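Trainee: File target-v2.txt below, compact mmCIF, C-alpha atoms:
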```
# COMPACT_ATOMS: atom_id res chain seq x y z
CA MET J 1 61.77 59.67 -87.04
CA SER J 2 60.73 58.81 -90.58
CA PRO J 3 57.81 60.62 -92.22
CA THR J 4 54.31 59.18 -91.97
CA ILE J 5 52.48 57.88 -95.02
CA TRP J 6 50.30 61.01 -94.96
CA GLU J 7 53.37 63.25 -94.95
CA LEU J 8 54.83 61.28 -97.88
CA ILE J 9 51.62 61.66 -99.89
CA ASN J 10 51.36 65.37 -99.09
CA THR J 11 54.99 65.93 -100.10
CA ALA J 12 54.49 64.07 -103.38
CA LEU J 13 51.31 65.96 -104.33
CA THR J 14 52.16 69.49 -103.13
CA PRO J 15 54.13 70.41 -106.30
CA LEU J 16 50.90 70.00 -108.32
CA GLY J 17 49.53 73.12 -106.61
CA VAL J 18 46.04 71.65 -106.21
CA PRO J 19 44.03 72.10 -103.00
CA MET J 20 43.99 68.80 -101.10
CA ALA J 21 42.89 67.21 -97.88
CA GLU J 22 43.41 64.01 -95.94
CA GLY J 23 40.24 61.91 -95.65
CA SER J 24 37.69 64.38 -97.01
CA TYR J 25 37.68 67.91 -98.34
CA ILE J 26 35.49 70.21 -96.26
CA PRO J 27 35.24 73.81 -97.43
CA GLY J 28 35.28 76.51 -94.78
CA ASP J 29 32.21 78.45 -93.72
CA ASN J 30 30.65 80.33 -96.65
CA GLU J 31 33.13 78.70 -99.07
CA ALA J 32 32.32 76.52 -102.06
CA TYR J 33 34.27 73.51 -103.24
CA PRO J 34 37.07 74.55 -105.59
CA ASP J 35 36.78 73.60 -109.25
CA LEU J 36 39.70 71.19 -108.78
CA TYR J 37 40.78 69.44 -105.58
CA MET J 38 42.21 66.16 -104.28
CA VAL J 39 41.52 63.86 -101.35
CA TYR J 40 43.83 61.10 -100.11
CA PHE J 41 43.63 58.35 -97.53
CA MET J 42 45.18 55.04 -96.53
CA VAL J 43 43.20 52.00 -97.68
CA SER J 44 45.25 49.27 -96.02
CA LEU J 45 48.46 48.58 -94.14
CA ASP J 46 49.89 45.10 -94.69
CA PRO J 47 52.97 43.48 -93.16
CA GLU J 48 55.22 42.05 -95.89
CA LEU J 49 58.41 40.69 -94.34
CA PHE J 50 59.45 39.49 -90.90
CA ALA J 51 62.83 38.60 -89.41
CA ASP J 52 63.37 37.27 -85.89
CA ASP J 53 59.65 37.75 -85.17
CA GLN J 54 59.87 41.45 -86.06
CA GLU J 55 58.11 43.18 -88.94
CA ILE J 56 60.77 44.72 -91.20
CA GLU J 57 58.71 45.68 -94.29
CA ARG J 58 55.13 46.70 -94.89
CA THR J 59 53.05 47.82 -97.84
CA GLU J 60 50.72 50.76 -97.49
CA LEU J 61 47.94 51.05 -100.07
CA VAL J 62 46.67 54.60 -100.52
CA GLN J 63 44.02 56.19 -102.68
CA VAL J 64 44.24 59.63 -104.22
CA SER J 65 41.00 60.95 -105.71
CA ILE J 66 40.96 64.04 -107.87
CA TYR J 67 37.75 65.99 -108.37
CA LYS J 68 37.20 68.38 -111.27
CA ARG J 69 34.13 70.37 -112.12
CA ASP J 70 32.59 69.82 -115.57
CA SER J 71 35.15 67.36 -117.04
CA LEU J 72 38.11 65.08 -116.34
CA ILE J 73 40.00 66.50 -119.32
CA GLY J 74 43.23 68.28 -118.41
CA LEU J 75 43.94 66.74 -115.01
CA PRO J 76 47.33 67.33 -113.38
CA ASP J 77 49.76 64.39 -113.47
CA VAL J 78 48.87 62.73 -110.14
CA ILE J 79 50.42 59.42 -111.22
CA GLY J 80 53.72 61.07 -112.17
CA ALA J 81 53.85 63.06 -108.92
CA MET J 82 53.20 60.01 -106.77
CA LYS J 83 55.73 57.88 -108.68
CA ALA J 84 58.32 60.65 -108.21
CA GLY J 85 57.49 60.46 -104.47
CA GLY J 86 58.39 56.76 -104.30
CA PHE J 87 54.93 55.26 -104.77
CA THR J 88 53.97 52.53 -107.25
CA PHE J 89 50.80 53.03 -109.30
CA SER J 90 48.48 50.02 -108.93
CA GLY J 91 45.22 51.03 -110.63
CA GLY J 92 42.38 53.46 -110.85
CA ARG J 93 38.72 53.95 -111.57
CA GLU J 94 36.26 56.71 -112.33
CA LEU J 95 33.95 57.65 -109.46
CA ASP J 96 30.31 58.71 -109.63
CA TYR J 97 29.51 62.21 -110.84
CA ASP J 98 28.29 64.51 -108.05
CA PRO J 99 25.30 66.49 -109.41
CA ASP J 100 25.23 68.75 -106.33
CA THR J 101 28.77 70.09 -106.80
CA ARG J 102 29.07 69.22 -110.54
CA HIS J 103 32.36 67.41 -109.93
CA HIS J 104 33.59 64.42 -111.87
CA ALA J 105 36.18 62.28 -110.09
CA ILE J 106 38.78 59.62 -110.63
CA ALA J 107 40.51 57.57 -107.94
CA PHE J 108 44.07 56.29 -108.25
CA ASP J 109 45.59 53.56 -106.06
CA PHE J 110 49.25 53.55 -105.06
CA GLU J 111 51.42 51.27 -102.99
CA TYR J 112 54.34 52.30 -100.82
CA LEU J 113 56.82 49.73 -99.52
CA GLU J 114 58.15 50.86 -96.17
CA ASN J 115 61.33 49.46 -94.64
CA LEU J 116 61.01 49.58 -90.87
```
What would the structure in this file look like if it were written as C-alpha cells?
Mentor:
Amino acid sequence: MSPTIWELINTALTPLGVPMAEGSYIPGDNEAYPDLYMVYFMVSLDPELFADDQEIERTELVQVSIYKRDSLIGLPDVIGAMKAGGFTFSGGRELDYDPDTRHHAIAFDFEYLENL
C-alpha cells in the first residue's frame, strides 16, 4: 500500500527537526506552545486524469504553516524539504500575528501529483 498524503508530508518535514502536527498543534497539559512549530493539512483533493472510467491521477493540495515566536527571520527551509519530498511549491502568504502566543506565521501551499 502506498503512503498517505499525511505520511508523505511528515516524511518530507521530519528532517527539519521542528515540532509539527496534522491539522492543529495542541500542546499537552501544562505545556506552552514551542517557539517554533509547524502545522499541515490537506486543502483539496482533485482528480486529474481518467482512463476507462477509472481515476488514474489526482492532485492533492496541502498547506504547511510554520509558526515562530517574535519574528519570521531564520525559518527552516520548508520549501526545500517539501520539494525534496516530491511536492511542487505553489505559493504562500503571511498569516495574522497571534498576540496571545506571540507567534508570527507563514503558510506555504504545495501540490502532489499522485499516480493511482
Trainee: Have a look at J:Asp35, J:Glu7, J:Glu60, J:Asp46 and name the one nearest to His103 of chain J; count all atoms listed in the file.
Mentor: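 When distances to His103 of chain J are compared using all atoms listed in the file, the smallest one comes from J:Asp35.
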Trainee: Counting all atoms listed in the file, what is within 12 Å of Asn10 of chain J, bar same-chain residues fewer than 3 positions away, as a compact mmCIF listing (two decimals) with C-alpha atoms, in the frame of the given file?
Mentor:
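Writing done, so here's part-v1.txt:
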```
# COMPACT_ATOMS: atom_id res chain seq x y z
CA PRO J 3 57.81 60.62 -92.22
CA THR J 4 54.31 59.18 -91.97
CA ILE J 5 52.48 57.88 -95.02
CA TRP J 6 50.30 61.01 -94.96
CA GLU J 7 53.37 63.25 -94.95
CA LEU J 13 51.31 65.96 -104.33
CA THR J 14 52.16 69.49 -103.13
CA PRO J 15 54.13 70.41 -106.30
CA LEU J 16 50.90 70.00 -108.32
CA GLY J 17 49.53 73.12 -106.61
CA VAL J 18 46.04 71.65 -106.21
CA PRO J 19 44.03 72.10 -103.00
CA MET J 20 43.99 68.80 -101.10
CA ALA J 21 42.89 67.21 -97.88
CA GLU J 22 43.41 64.01 -95.94
CA MET J 38 42.21 66.16 -104.28
CA VAL J 39 41.52 63.86 -101.35
CA TYR J 40 43.83 61.10 -100.11
CA PHE J 41 43.63 58.35 -97.53
CA VAL J 62 46.67 54.60 -100.52
CA VAL J 64 44.24 59.63 -104.22
CA VAL J 78 48.87 62.73 -110.14
CA ALA J 81 53.85 63.06 -108.92
CA MET J 82 53.20 60.01 -106.77
CA GLY J 85 57.49 60.46 -104.47
```
Trainee: What does the distance from atom CA of Glu31 of chain J to atom CA of Asp70 of chain J come to in Å, to one decimal?
Mentor: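 Between atom CA of Glu31 of chain J and atom CA of Asp70 of chain J the gap is 18.7 Å.
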Trainee: Nearest to Ile66 of chain J among J:Ala84, J:Ile79, J:Met1, J:Ala32, with distances taken over all atoms listed in the file: which residue is it?
Mentor: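 Among the listed residues, J:Ile79 lies closest to Ile66 of chain J.
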Trainee: Go ahead and find all residues with at least one atom no further than 9 Å from (34.4, 54.0, -108.4) in the file's coordinates, using only C-alpha atoms; report them as a PyMOL selection string.
Mentor: chain J and resi 92-96+105-107
Trainee: Provide the atom CA of Tyr112 of chain J to atom CA of Gly23 of chain J distance in Å, to one decimal place.
Mentor: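 Taking atom CA of Tyr112 of chain J as the start and atom CA of Gly23 of chain J as the end point, the length is 17.8 Å.
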Trainee: Please, what distance in Å, to one decimal, runs between atom CA of Glu111 of chain J and atom CA of Arg58 of chain J?
Mentor: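 Separation of atom CA of Glu111 of chain J and atom CA of Arg58 of chain J: 10.0 Å.
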Trainee: Residues within 7 Å of Arg69 of chain J, please, as a ChimeraX atom specification. Count only C-alpha atoms; anything in the same chain fewer than 2 positions from it doesn't count.
Mentor: /J:35-36,67,71,102-104
Trainee: Just give me the residues with any atom within 6 Å of (46.1, 54.8, -103.5), file coordinates, counting all atoms listed in the file, written as JSON, numbers by chain.
Mentor: {"J": [61, 62, 63, 64, 108, 109, 110]}
Trainee: Measuring atom to atom with all atoms listed in the file, identify which of J:Thr101, J:Glu48, J:Ser2, J:Ile9 is nearest to Pro34 of chain J.
Mentor: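 Of the candidates, the smallest distance to Pro34 of chain J is held by J:Thr101.
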